[in-house]
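J.: My structure is stored as run-v7.cif, with mmCIF, C-alpha atoms (C1' of nucleotides).
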data_upload
loop_
_atom_site.label_atom_id
_atom_site.label_comp_id
_atom_site.auth_asym_id
_atom_site.auth_seq_id
_atom_site.Cartn_x
_atom_site.Cartn_y
_atom_site.Cartn_z
CA MET H 1 68.43 -15.95 -2.39
CA THR H 2 69.69 -16.61 1.10
CA LEU H 3 69.03 -19.36 3.58
CA ASP H 4 69.69 -17.14 6.58
CA LEU H 5 66.04 -17.18 7.59
CA LEU H 6 65.99 -20.99 7.69
CA PHE H 7 69.24 -21.32 9.62
CA ALA H 8 68.13 -18.64 12.07
CA ASN H 9 64.92 -20.60 12.60
CA ILE H 10 66.82 -23.83 13.20
CA SER H 11 69.26 -22.23 15.61
CA LYS H 12 66.36 -21.17 17.82
CA HIS H 13 65.99 -24.85 18.72
CA ILE H 14 69.25 -26.73 18.14
CA LEU H 15 72.98 -26.08 17.65
CA LEU H 16 74.72 -27.30 14.52
CA THR H 17 78.36 -27.54 13.46
CA GLU H 18 79.44 -26.09 10.11
CA VAL H 19 79.79 -29.62 8.74
CA GLU H 20 76.23 -30.46 9.77
CA LYS H 21 74.92 -27.23 8.28
CA ASN H 22 76.64 -27.99 5.01
CA TYR H 23 75.30 -31.51 4.90
CA PHE H 24 71.76 -30.27 5.53
CA HIS H 25 72.25 -27.50 3.00
CA SER H 26 73.27 -30.01 0.34
CA LYS H 27 69.86 -31.69 0.62
CA LEU H 28 67.78 -28.56 0.06
CA LEU H 29 66.11 -27.42 -3.13
CA PHE H 30 65.17 -23.85 -3.91
CA ARG H 31 62.01 -22.98 -5.81
CA LYS H 32 60.08 -19.89 -6.85
CA LEU H 33 56.31 -19.91 -7.14
CA LYS H 34 54.20 -17.48 -9.10
CA LYS H 35 51.05 -16.06 -7.58
CA LYS H 36 48.35 -18.79 -7.52
CA GLU H 37 50.87 -21.43 -8.64
CA ILE H 38 49.95 -24.79 -7.16
CA TYR H 39 52.70 -26.58 -5.26
CA ILE H 40 50.83 -29.78 -4.45
CA GLN H 41 47.43 -31.15 -5.28
CA GLU H 42 44.95 -33.67 -3.95
CA ASN H 43 45.75 -37.31 -4.83
CA GLN H 44 49.40 -36.49 -5.26
CA VAL H 45 52.17 -37.78 -3.00
CA CYS H 46 53.67 -34.84 -1.14
CA GLU H 47 57.36 -35.63 -1.33
CA SER H 48 58.67 -32.51 0.36
CA ALA H 49 58.03 -30.09 3.16
CA ALA H 50 58.45 -26.43 2.21
CA PHE H 51 60.03 -23.64 4.25
CA VAL H 52 58.86 -20.18 3.17
CA LEU H 53 61.60 -17.57 2.57
CA SER H 54 59.35 -14.91 1.07
CA GLY H 55 55.75 -14.51 -0.01
CA CYS H 56 52.96 -16.61 1.48
CA LEU H 57 51.52 -20.09 0.84
CA ARG H 58 48.34 -21.73 2.05
CA SER H 59 47.08 -25.30 2.37
CA TYR H 60 43.43 -26.16 1.82
CA THR H 61 40.96 -28.87 0.90
CA ILE H 62 38.16 -28.73 -1.63
CA ASP H 63 34.99 -30.43 -0.42
CA ASP H 64 32.35 -32.34 -2.39
CA ASN H 65 30.48 -29.12 -3.10
CA GLY H 66 33.55 -27.41 -4.48
CA PHE H 67 34.13 -25.19 -1.43
CA GLU H 68 37.67 -24.47 -0.26
CA HIS H 69 38.56 -24.85 3.42
CA ILE H 70 41.86 -23.32 4.43
CA LEU H 71 43.96 -25.28 6.88
CA GLN H 72 47.07 -23.17 7.19
CA PHE H 73 48.71 -19.97 6.01
CA ALA H 74 52.49 -20.00 5.73
CA PRO H 75 54.13 -16.58 5.69
CA PRO H 76 57.96 -16.33 5.73
CA ASP H 77 59.71 -18.36 8.46
CA TRP H 78 57.06 -21.11 8.44
CA TRP H 79 57.10 -24.70 7.24
CA ILE H 80 54.16 -26.05 5.28
CA THR H 81 53.36 -29.52 3.94
CA ASP H 82 50.59 -32.08 3.65
CA MET H 83 51.68 -33.82 6.84
CA PHE H 84 49.58 -36.93 6.16
CA SER H 85 51.03 -37.47 2.72
CA PHE H 86 54.52 -36.35 3.72
CA ILE H 87 54.89 -38.89 6.53
CA SER H 88 53.06 -41.77 4.83
CA GLN H 89 54.24 -41.00 1.29
CA LYS H 90 50.73 -41.89 0.13
CA PRO H 91 48.48 -39.69 -2.04
CA GLY H 92 47.16 -36.79 0.03
CA THR H 93 43.93 -34.85 0.28
CA ILE H 94 45.11 -31.26 0.33
CA TYR H 95 46.23 -28.52 -2.00
CA ILE H 96 49.06 -26.09 -1.36
CA ASP H 97 49.47 -22.98 -3.47
CA ALA H 98 51.11 -19.57 -3.37
CA ILE H 99 48.93 -16.62 -2.34
CA GLU H 100 51.55 -14.29 -3.77
CA VAL H 101 54.93 -14.63 -5.50
CA SER H 102 56.95 -16.79 -3.13
CA GLU H 103 60.36 -18.35 -2.59
CA ILE H 104 60.52 -21.67 -0.82
CA ILE H 105 63.08 -24.25 0.29
CA LEU H 106 62.19 -27.89 -0.17
CA LEU H 107 63.28 -30.86 1.92
CA SER H 108 62.14 -34.30 0.80
CA ARG H 109 60.90 -36.87 3.29
CA ALA H 110 63.62 -39.30 2.19
CA ASP H 111 66.31 -36.69 2.83
CA GLN H 112 64.71 -35.70 6.10
CA LEU H 113 64.81 -39.30 7.34
CA ASP H 114 68.41 -39.62 6.15
CA ILE H 115 69.32 -36.45 8.07
CA PHE H 116 67.58 -37.80 11.19
CA GLU H 117 69.99 -40.77 11.04
CA LYS H 118 73.11 -38.72 10.41
CA ILE H 119 72.35 -35.70 12.62
CA PRO H 120 70.03 -36.58 15.54
CA ALA H 121 69.71 -32.90 16.47
CA PHE H 122 67.51 -32.51 13.38
CA GLU H 123 65.13 -35.09 14.72
CA ARG H 124 64.87 -32.84 17.77
CA TYR H 125 64.27 -29.76 15.62
CA PHE H 126 61.38 -31.35 13.77
CA ARG H 127 60.07 -33.02 16.90
CA ILE H 128 59.78 -29.58 18.50
CA LEU H 129 58.15 -28.02 15.43
CA THR H 130 55.67 -30.88 15.27
CA GLU H 131 54.82 -30.54 18.96
CA ASN H 132 54.14 -26.82 18.50
CA SER H 133 52.09 -27.41 15.42
CA LEU H 134 50.06 -30.06 17.23
CA VAL H 135 49.26 -27.55 19.97
CA SER H 136 48.01 -25.01 17.47
CA TYR H 137 45.80 -27.54 15.66
CA ARG H 138 44.44 -28.60 19.02
CA LYS H 139 43.58 -25.00 19.83
CA ARG H 140 41.86 -24.76 16.47
CA VAL H 141 39.71 -27.83 17.23
CA MET H 142 38.79 -26.38 20.63
CA ASP H 143 37.96 -22.99 19.18
CA GLY H 144 35.75 -24.62 16.56
CA LEU H 145 33.86 -26.45 19.31
CA SER H 146 33.51 -23.62 21.80
CA LEU H 147 33.66 -20.21 20.10
CA THR H 148 31.19 -18.32 17.91
CA ALA H 149 32.21 -17.08 14.46
CA ILE H 150 32.66 -13.58 15.86
CA GLU H 151 34.98 -14.81 18.59
CA ARG H 152 36.98 -16.87 16.11
CA TYR H 153 37.39 -13.82 13.89
CA HIS H 154 38.60 -11.61 16.74
CA ASP H 155 40.99 -14.35 17.86
CA PHE H 156 42.38 -14.58 14.34
CA CYS H 157 42.94 -10.82 14.26
CA LYS H 158 44.78 -10.96 17.57
CA ARG H 159 46.97 -13.93 16.66
CA TYR H 160 47.80 -13.00 13.09
CA PRO H 161 47.78 -9.19 12.85
CA THR H 162 50.17 -9.19 9.89
CA LEU H 163 48.13 -11.74 7.93
CA ILE H 164 44.97 -9.65 8.34
CA GLU H 165 46.67 -6.90 6.34
CA CYS H 166 47.67 -8.96 3.35
CA LEU H 167 45.04 -11.67 2.98
CA PRO H 168 41.84 -11.31 0.98
CA GLN H 169 38.93 -11.38 3.37
CA LYS H 170 37.37 -14.46 1.82
CA GLN H 171 40.43 -16.49 2.74
CA ILE H 172 40.18 -15.45 6.37
CA ALA H 173 36.51 -16.44 6.23
CA SER H 174 37.49 -19.84 4.87
CA TYR H 175 40.08 -20.32 7.61
CA ILE H 176 37.74 -19.46 10.49
CA GLY H 177 34.93 -21.46 8.93
CA VAL H 178 32.30 -18.96 7.81
CA THR H 179 31.05 -17.69 4.46
CA PRO H 180 32.58 -14.48 3.06
CA GLU H 181 29.14 -12.88 3.31
CA PHE H 182 28.90 -13.57 7.00
CA LEU H 183 32.42 -12.31 7.68
CA SER H 184 31.49 -9.13 5.85
CA LYS H 185 28.52 -8.80 8.19
CA ILE H 186 30.73 -9.37 11.24
CA ARG H 187 33.12 -6.68 10.09
CA SER H 188 30.40 -4.17 9.35
CA ASN H 189 29.46 -4.79 12.98
CA VAL H 190 25.72 -4.87 12.51
CA LYS H 191 24.00 -3.94 15.79
CA ILE H 192 22.02 -7.15 16.14
CA MET H 193 25.18 -9.19 16.59
CA MET T 1 50.25 -54.77 36.36
CA THR T 2 52.39 -55.26 33.33
CA LEU T 3 54.12 -52.85 30.98
CA ASP T 4 53.92 -55.26 28.04
CA LEU T 5 51.39 -53.09 26.26
CA LEU T 6 53.68 -50.06 26.43
CA PHE T 7 56.78 -51.90 25.30
CA ALA T 8 54.86 -53.53 22.46
CA ASN T 9 53.70 -50.09 21.39
CA ILE T 10 57.24 -48.72 21.47
CA SER T 11 58.67 -51.64 19.54
CA LYS T 12 56.30 -50.90 16.68
CA HIS T 13 58.44 -47.83 16.00
CA ILE T 14 61.94 -48.28 17.41
CA LEU T 15 64.28 -51.01 18.66
CA LEU T 16 65.68 -50.85 22.19
CA THR T 17 68.39 -52.78 24.05
CA GLU T 18 67.60 -54.32 27.44
CA VAL T 19 69.69 -51.62 29.11
CA GLU T 20 67.69 -48.88 27.39
CA LYS T 21 64.41 -50.54 28.29
CA ASN T 22 65.47 -50.72 31.92
CA TYR T 23 66.55 -47.12 32.00
CA PHE T 24 63.24 -46.02 30.51
CA HIS T 25 61.37 -48.33 32.89
CA SER T 26 63.12 -46.73 35.87
CA LYS T 27 61.56 -43.36 34.97
CA LEU T 28 57.97 -44.54 34.82
CA LEU T 29 55.29 -44.20 37.48
CA PHE T 30 52.24 -46.41 37.75
CA ARG T 31 48.88 -45.03 38.84
CA LYS T 32 45.31 -46.23 39.18
CA LEU T 33 42.38 -43.91 38.66
CA LYS T 34 38.85 -44.41 39.91
CA LYS T 35 35.92 -43.75 37.63
CA LYS T 36 35.53 -39.94 37.18
CA GLU T 37 38.80 -39.30 39.02
CA ILE T 38 40.47 -36.19 37.64
CA TYR T 39 44.06 -36.60 36.55
CA ILE T 40 44.76 -32.98 35.56
CA GLN T 41 42.78 -29.78 35.72
CA GLU T 42 42.72 -26.38 34.06
CA ASN T 43 45.34 -23.91 35.38
CA GLN T 44 47.53 -26.74 36.55
CA VAL T 45 50.92 -27.57 35.04
CA CYS T 46 50.68 -30.95 33.34
CA GLU T 47 53.94 -32.55 34.42
CA SER T 48 53.45 -35.94 32.81
CA ALA T 49 52.11 -37.69 29.77
CA ALA T 50 50.00 -40.76 30.50
CA PHE T 51 49.96 -44.09 28.66
CA VAL T 52 46.75 -46.04 29.20
CA LEU T 53 47.12 -49.71 30.18
CA SER T 54 43.47 -50.35 30.94
CA GLY T 55 40.23 -48.40 31.19
CA CYS T 56 39.71 -45.16 29.28
CA LEU T 57 40.57 -41.49 29.85
CA ARG T 58 39.39 -38.36 28.10
CA SER T 59 40.66 -34.79 27.77
CA TYR T 60 38.28 -31.85 27.57
CA THR T 61 37.83 -28.14 28.13
CA ILE T 62 35.02 -26.36 29.95
CA ASP T 63 33.91 -23.18 28.19
CA ASP T 64 32.62 -19.94 29.69
CA ASN T 65 29.06 -21.28 29.70
CA GLY T 66 30.09 -24.41 31.58
CA PHE T 67 29.85 -26.74 28.60
CA GLU T 68 32.39 -29.54 28.18
CA HIS T 69 34.11 -30.07 24.83
CA ILE T 70 35.92 -33.37 24.47
CA LEU T 71 39.26 -33.27 22.69
CA GLN T 72 40.41 -36.85 22.91
CA PHE T 73 39.47 -40.27 24.19
CA ALA T 74 42.33 -42.51 25.29
CA PRO T 75 41.51 -46.22 25.43
CA PRO T 76 44.29 -48.74 26.22
CA ASP T 77 47.44 -48.40 24.11
CA TRP T 78 47.09 -44.61 23.74
CA TRP T 79 49.04 -41.71 25.20
CA ILE T 80 47.17 -38.71 26.56
CA THR T 81 48.36 -35.37 27.95
CA ASP T 82 47.73 -31.64 27.80
CA MET T 83 50.31 -31.15 25.07
CA PHE T 84 50.43 -27.38 25.50
CA SER T 85 51.12 -27.56 29.21
CA PHE T 86 53.34 -30.64 28.93
CA ILE T 87 55.77 -29.07 26.46
CA SER T 88 55.75 -25.55 27.93
CA GLN T 89 55.41 -26.60 31.58
CA LYS T 90 53.01 -23.70 31.99
CA PRO T 91 49.47 -23.92 33.43
CA GLY T 92 47.16 -25.55 30.93
CA THR T 93 43.59 -25.17 29.82
CA ILE T 94 42.31 -28.71 29.77
CA TYR T 95 41.01 -31.40 32.08
CA ILE T 96 41.84 -35.08 31.87
CA ASP T 97 39.81 -37.62 33.80
CA ALA T 98 39.02 -41.32 33.81
CA ILE T 99 35.80 -42.41 32.12
CA GLU T 100 36.08 -45.74 33.89
CA VAL T 101 38.48 -47.40 36.36
CA SER T 102 41.85 -47.09 34.65
CA GLU T 103 45.51 -47.97 34.99
CA ILE T 104 48.04 -45.55 33.56
CA ILE T 105 51.81 -45.16 33.24
CA LEU T 106 53.23 -41.68 33.77
CA LEU T 107 56.32 -40.16 32.20
CA SER T 108 57.28 -36.64 33.31
CA ARG T 109 58.43 -34.05 30.78
CA ALA T 110 61.75 -33.69 32.64
CA ASP T 111 62.36 -37.44 32.41
CA GLN T 112 61.25 -37.50 28.79
CA LEU T 113 63.79 -34.80 27.88
CA ASP T 114 66.46 -36.64 29.86
CA ILE T 115 65.67 -39.84 27.96
CA PHE T 116 65.84 -37.96 24.62
CA GLU T 117 69.44 -37.05 25.55
CA LYS T 118 70.44 -40.51 26.67
CA ILE T 119 68.53 -42.60 24.14
CA PRO T 120 67.95 -40.75 20.84
CA ALA T 121 65.66 -43.54 19.61
CA PHE T 122 63.09 -42.28 22.10
CA GLU T 123 63.10 -38.90 20.46
CA ARG T 124 62.21 -40.75 17.28
CA TYR T 125 59.43 -42.69 19.00
CA PHE T 126 57.77 -39.54 20.29
CA ARG T 127 58.47 -37.65 17.07
CA ILE T 128 56.51 -40.31 15.19
CA LEU T 129 53.64 -40.34 17.70
CA THR T 130 53.44 -36.55 17.53
CA GLU T 131 53.40 -36.58 13.72
CA ASN T 132 50.52 -39.08 13.75
CA SER T 133 48.63 -37.15 16.34
CA LEU T 134 49.09 -33.96 14.32
CA VAL T 135 47.57 -35.67 11.29
CA SER T 136 44.52 -36.72 13.25
CA TYR T 137 43.96 -33.25 14.72
CA ARG T 138 44.32 -31.83 11.23
CA LYS T 139 41.63 -34.21 9.99
CA ARG T 140 39.42 -33.12 12.86
CA VAL T 141 39.84 -29.45 11.88
CA MET T 142 39.00 -30.28 8.25
CA ASP T 143 35.98 -32.37 9.22
CA GLY T 144 34.72 -29.55 11.41
CA LEU T 145 34.98 -27.16 8.47
CA SER T 146 33.54 -29.37 5.75
CA LEU T 147 31.22 -32.04 7.17
CA THR T 148 27.71 -31.87 8.63
CA ALA T 149 26.98 -33.19 12.11
CA ILE T 150 25.51 -36.35 10.59
CA GLU T 151 28.63 -36.99 8.55
CA ARG T 152 30.87 -36.39 11.56
CA TYR T 153 28.83 -38.88 13.57
CA HIS T 154 29.05 -41.57 10.90
CA ASP T 155 32.76 -40.94 10.54
CA PHE T 156 33.20 -41.33 14.29
CA CYS T 157 31.33 -44.65 14.22
CA LYS T 158 33.55 -45.91 11.41
CA ARG T 159 36.82 -44.80 13.01
CA TYR T 160 36.12 -45.77 16.60
CA PRO T 161 33.73 -48.76 16.52
CA THR T 162 34.90 -49.98 19.93
CA LEU T 163 34.46 -46.60 21.61
CA ILE T 164 30.88 -46.36 20.35
CA GLU T 165 30.06 -49.41 22.46
CA CYS T 166 31.44 -48.15 25.74
CA LEU T 167 30.97 -44.39 25.72
CA PRO T 168 27.87 -42.57 26.94
CA GLN T 169 26.21 -40.95 23.97
CA LYS T 170 26.53 -37.44 25.34
CA GLN T 171 30.33 -37.78 25.29
CA ILE T 172 30.29 -38.72 21.63
CA ALA T 173 28.06 -35.68 21.03
CA SER T 174 30.56 -33.49 22.83
CA TYR T 175 33.45 -34.90 20.76
CA ILE T 176 31.77 -34.37 17.39
CA GLY T 177 30.48 -30.95 18.44
CA VAL T 178 26.70 -31.27 18.75
CA THR T 179 24.24 -31.25 21.64
CA PRO T 180 23.15 -34.62 23.11
CA GLU T 181 19.60 -33.82 21.97
CA PHE T 182 20.66 -33.40 18.39
CA LEU T 183 22.74 -36.59 18.41
CA SER T 184 19.70 -38.40 19.75
CA LYS T 185 17.75 -37.02 16.77
CA ILE T 186 20.47 -38.16 14.34
CA ARG T 187 20.43 -41.63 15.81
CA SER T 188 16.66 -41.94 15.72
CA ASN T 189 17.11 -41.16 12.03
CA VAL T 190 14.19 -38.83 11.67
CA LYS T 191 13.03 -38.83 8.04
CA ILE T 192 13.50 -35.10 7.45
CA MET T 193 17.27 -35.37 7.85
"C1'" DT A 1 43.01 2.72 -20.42
"C1'" DA A 2 39.19 -0.37 -21.08
"C1'" DA A 3 37.58 -4.82 -20.32
"C1'" DT A 4 37.40 -8.62 -17.35
"C1'" DT A 5 37.70 -10.94 -13.33
"C1'" DT A 6 37.73 -11.12 -8.52
"C1'" DT A 7 36.47 -9.38 -4.09
"C1'" DC A 8 33.39 -7.16 -1.00
"C1'" DT A 9 28.85 -5.50 0.62
"C1'" DT A 10 24.00 -5.56 1.67
"C1'" DA A 11 19.67 -7.56 2.25
"C1'" DA A 12 15.98 -10.99 2.03
"C1'" DT A 13 15.14 -15.59 2.96
"C1'" DC A 14 16.17 -20.18 4.68
"C1'" DT A 15 17.99 -24.17 7.57
"C1'" DA A 16 21.09 -26.99 10.49
"C1'" DG A 17 21.47 -27.42 14.71
"C1'" DG A 18 20.62 -25.20 19.49
"C1'" DT A 19 17.49 -24.38 23.46
"C1'" DT A 20 14.02 -25.41 26.59
"C1'" DA A 21 11.19 -28.47 28.76
"C1'" DA A 22 9.12 -32.61 30.25
"C1'" DG A 23 8.98 -37.49 30.51
"C1'" DT A 24 11.31 -42.10 30.68
"C1'" DA A 25 14.96 -45.28 31.60
"C1'" DC A 26 18.93 -46.53 33.43
"C1'" DT A 27 22.85 -46.31 37.20
"C1'" DT A 28 24.69 -45.29 41.53
"C1'" DT A 29 24.68 -44.93 46.13
"C1'" DA A 30 22.73 -45.33 50.70
"C1'" DT Q 1 15.54 -52.04 47.66
"C1'" DA Q 2 14.48 -47.13 47.54
"C1'" DA Q 3 16.06 -42.69 46.43
"C1'" DA Q 4 18.76 -39.79 43.80
"C1'" DG Q 5 21.32 -38.81 40.21
"C1'" DT Q 6 22.56 -39.35 35.36
"C1'" DA Q 7 21.56 -40.49 30.58
"C1'" DC Q 8 18.45 -40.67 26.77
"C1'" DT Q 9 14.29 -39.29 23.97
"C1'" DT Q 10 10.87 -36.37 21.89
"C1'" DA Q 11 8.87 -32.18 20.46
"C1'" DA Q 12 8.00 -27.19 20.06
"C1'" DC Q 13 10.32 -23.23 19.22
"C1'" DC Q 14 14.47 -20.33 18.27
"C1'" DT Q 15 18.89 -18.43 16.20
"C1'" DA Q 16 23.62 -18.30 14.25
"C1'" DG Q 17 25.10 -18.56 10.24
"C1'" DA Q 18 24.16 -20.26 5.18
"C1'" DT Q 19 22.20 -19.29 0.72
"C1'" DT Q 20 20.86 -16.51 -3.00
"C1'" DA Q 21 21.08 -12.58 -5.58
"C1'" DA Q 22 22.49 -8.23 -7.25
"C1'" DG Q 23 25.26 -4.18 -7.22
"C1'" DA Q 24 29.77 -1.71 -6.05
"C1'" DA Q 25 34.60 -1.59 -5.65
"C1'" DA Q 26 39.15 -3.41 -6.45
"C1'" DA Q 27 42.54 -5.75 -8.84
"C1'" DT Q 28 44.20 -8.08 -13.14
"C1'" DT Q 29 44.96 -8.46 -17.75
"C1'" DA Q 30 44.75 -7.13 -22.52
#
Translate this file's structure into structure tokens.
T.:
Amino acid sequence: MTLDLLFANISKHILLTEVEKNYFHSKLLFRKLKKKEIYIQENQVCESAAFVLSGCLRSYTIDDNGFEHILQFAPPDWWITDMFSFISQKPGTIYIDAIEVSEIILLSRADQLDIFEKIPAFERYFRILTENSLVSYRKRVMDGLSLTAIERYHDFCKRYPTLIECLPQKQIASYIGVTPEFLSKIRSNVKIM
Amino acid sequence: MTLDLLFANISKHILLTEVEKNYFHSKLLFRKLKKKEIYIQENQVCESAAFVLSGCLRSYTIDDNGFEHILQFAPPDWWITDMFSFISQKPGTIYIDAIEVSEIILLSRADQLDIFEKIPAFERYFRILTENSLVSYRKRVMDGLSLTAIERYHDFCKRYPTLIECLPQKQIASYIGVTPEFLSKIRSNVKIM
DNA sequence: TAATTTTCTTAATCTAGGTTAAGTACTTTA
DNA sequence: TAAAGTACTTAACCTAGATTAAGAAAATTA
């Protein structure tokens, strides 16, 4: 296992000395997840954010009727966490599990805050990631308000061409907010639509 | 006009010296907006983020059919901007205007980045605001996927009791993602529902 | 490899919420 | 204060997408 992917990601936004890299490195935990293994669950405090080295994770909620709603997919080179629980360190509302066998790097909130004190550049790194993430959630809210299911599906295909290949269709349906049956109809491109 | 509200907001998250406060202060611009006055428009680069001292602003998009979709309301003590355009300094996709006569404080992205260099605590302040804002957009995505229009309306009433008083009903409808006619039906509490 | 589980498809039927339209009440502006 | 514009309501009708159900195709697991 190698952290190259993570350090390459970081160096896109900030510059670190070897000493700083080593300090950061010393705070990280490595973990493997089996397919379908749950990383965090509803009502649990999400202590760490996870950076994906290989495989793919997803975050989702389960509503009162037992339906899953997918919030985020995290292929390699992405961070994933229950942001609410991570920043407040209170019990959260979402699940995170592995869609396939995955390798992740964990950084706890406590260590993250410690690193912000010691190495301010890291506060910049996460500030930038959070800004970008905010923009993509905002787009998702807008799309939900102004696009049809068909448009949301085509947009998903355009934005995440690699995910389309490897995800089961029902998970894409859950992400764009339609039933698997209706997505199947969209894809079969029934004339009436 | 007084900046007390802004400095009180900042001091909830970070501590500043008088020198730092003055430096920050020197970068701010004050502006008044008339009712319905547009602060930024689609296709325009959003140079500044705005902190609301009085009145109320809103951000929204206009879709291909000419319908408005409200993203955010900003009553006093809130920041508002087109985050995409603000961080990328590229032309944006949203409008921001004043719902009523308003007083705002402007901070340009260039000055914000300059302040991040000079006063790292400010990077923390905005990092925290961005994290919180991310959490609320995430909730909005989840609510859009899992709640009915009625539930979203009741949730809005619970979360923003003061806004309910002062906003025209059609703007609440636009925020929760229903037509004004349907919100009217929800509010009249027709038996069938 | 067979058995089991999960995913995908198709089709009939249903419903939450949209559309259209017309009337009423409230705000602005002149 | 009148005129015009904007906001709200109600009701009939419509549609995008949900639900239900049942079979086919993949993918797991034994």
J.: Hey, can you check how far CA of Cys166 in chain H sits from CA of Asn132 in chain H?
T.: 24.3 Å
J.: Please report as a PyMOL selection string which residues of chain T come no farther than 9 Å from chain A, using all atoms listed in the file.
T.: chain T and resi 148-149+178-179+182
J.: Could the residues of chain H within 6 Å of chain T, counting all atoms listed in the file, be given as a list in words, please?
T.: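 Selected residues: Phe84, Arg127, Leu134, Val135, Val141, Leu145 and Gly177 of chain H.
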J.: Please check the contacts: residues of chain Q at most 10 Å away from chain H, using all atoms listed in the file, listed as a list of chain:residue names.
T.: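 Those within range of chain H come out as Q:DA16, Q:DG17, Q:DA18, Q:DT19.
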J.: For the PyMOL selection byres ((chain H and resi 39) around 6), applied here, can you spell out every residue it catches as a PyMOL selection string?
T.: chain H and resi 38+40+96-97
J.: For the residues in that selection, give me C-alpha atoms as a PDB file, in the frame of the given file.
T.:
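Here's the written file part.pdb:
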ATOM      1  CA  ILE H  38      49.950 -24.790  -7.160  1.00  0.00           C
ATOM      2  CA  ILE H  40      50.830 -29.780  -4.450  1.00  0.00           C
ATOM      3  CA  ILE H  96      49.060 -26.090  -1.360  1.00  0.00           C
ATOM      4  CA  ASP H  97      49.470 -22.980  -3.470  1.00  0.00           C
TER       5      ASP H  97
END
J.: Neighbouring residues of range 16-24 of chain H were defined as those with any atom within 9 Å, considering all atoms listed in the file; residues of the same chain fewer than 2 positions away were excluded. Please report them as an MDAnalysis selection string.
T.: chainID H and resid 7 10:11 14 26:28 111:112 115 118:119 121:122
J.: For CA of Glu103 in chain T and CA of Phe30 in chain T, quote the distance in Å rounded to one decimal.
T.: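 That distance, rounded to one decimal, is 7.4 Å.
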J.: Contacts of Asn43 in chain H at 10 Å or less, counting only C-alpha atoms (C1' of nucleotides), minus same-chain residues fewer than 2 places along, as a PyMOL selection string?
T.: chain H and resi 40-41+45-46+85+90-95
J.: With C-alpha atoms retained, export the selected residues as a compact mmCIF listing (two decimals), in the frame of the given file.
T.:
# COMPACT_ATOMS: atom_id res chain seq x y z
CA ILE H 40 50.83 -29.78 -4.45
CA GLN H 41 47.43 -31.15 -5.28
CA VAL H 45 52.17 -37.78 -3.00
CA CYS H 46 53.67 -34.84 -1.14
CA SER H 85 51.03 -37.47 2.72
CA LYS H 90 50.73 -41.89 0.13
CA PRO H 91 48.48 -39.69 -2.04
CA GLY H 92 47.16 -36.79 0.03
CA THR H 93 43.93 -34.85 0.28
CA ILE H 94 45.11 -31.26 0.33
CA TYR H 95 46.23 -28.52 -2.00
J.: Distance CA of Ala49 in chain H-CA of Ile105 in chain H, one decimal place?
T.: 8.2 Å
J.: For this structure, which residues satisfy the selection - the PyMOL selection byres ((chain T and resi 33) around 9) - when it is evaluated on the file as given? I want them as a PyMOL selection string.
T.: chain T and resi 31-32+34-39+55+97-98+100-104
J.: What does the file look like for those residues with C-alpha atoms, as a CSV table (one decimal), in the frame of the given file?
T.:
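Everything below was put into result10.csv:
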chain,number,residue,atom,x,y,z
T,31,ARG,CA,48.9,-45.0,38.8
T,32,LYS,CA,45.3,-46.2,39.2
T,34,LYS,CA,38.8,-44.4,39.9
T,35,LYS,CA,35.9,-43.8,37.6
T,36,LYS,CA,35.5,-39.9,37.2
T,37,GLU,CA,38.8,-39.3,39.0
T,38,ILE,CA,40.5,-36.2,37.6
T,39,TYR,CA,44.1,-36.6,36.6
T,55,GLY,CA,40.2,-48.4,31.2
T,97,ASP,CA,39.8,-37.6,33.8
T,98,ALA,CA,39.0,-41.3,33.8
T,100,GLU,CA,36.1,-45.7,33.9
T,101,VAL,CA,38.5,-47.4,36.4
T,102,SER,CA,41.8,-47.1,34.6
T,103,GLU,CA,45.5,-48.0,35.0
T,104,ILE,CA,48.0,-45.6,33.6
J.: On this file, the PyMOL selection byres ((chain H and resi 52) around 8) gives some set of residues; write that set as a VMD selection string.
T.: chain H and resid 50 to 51 53 to 57 74 to 80 102 to 105
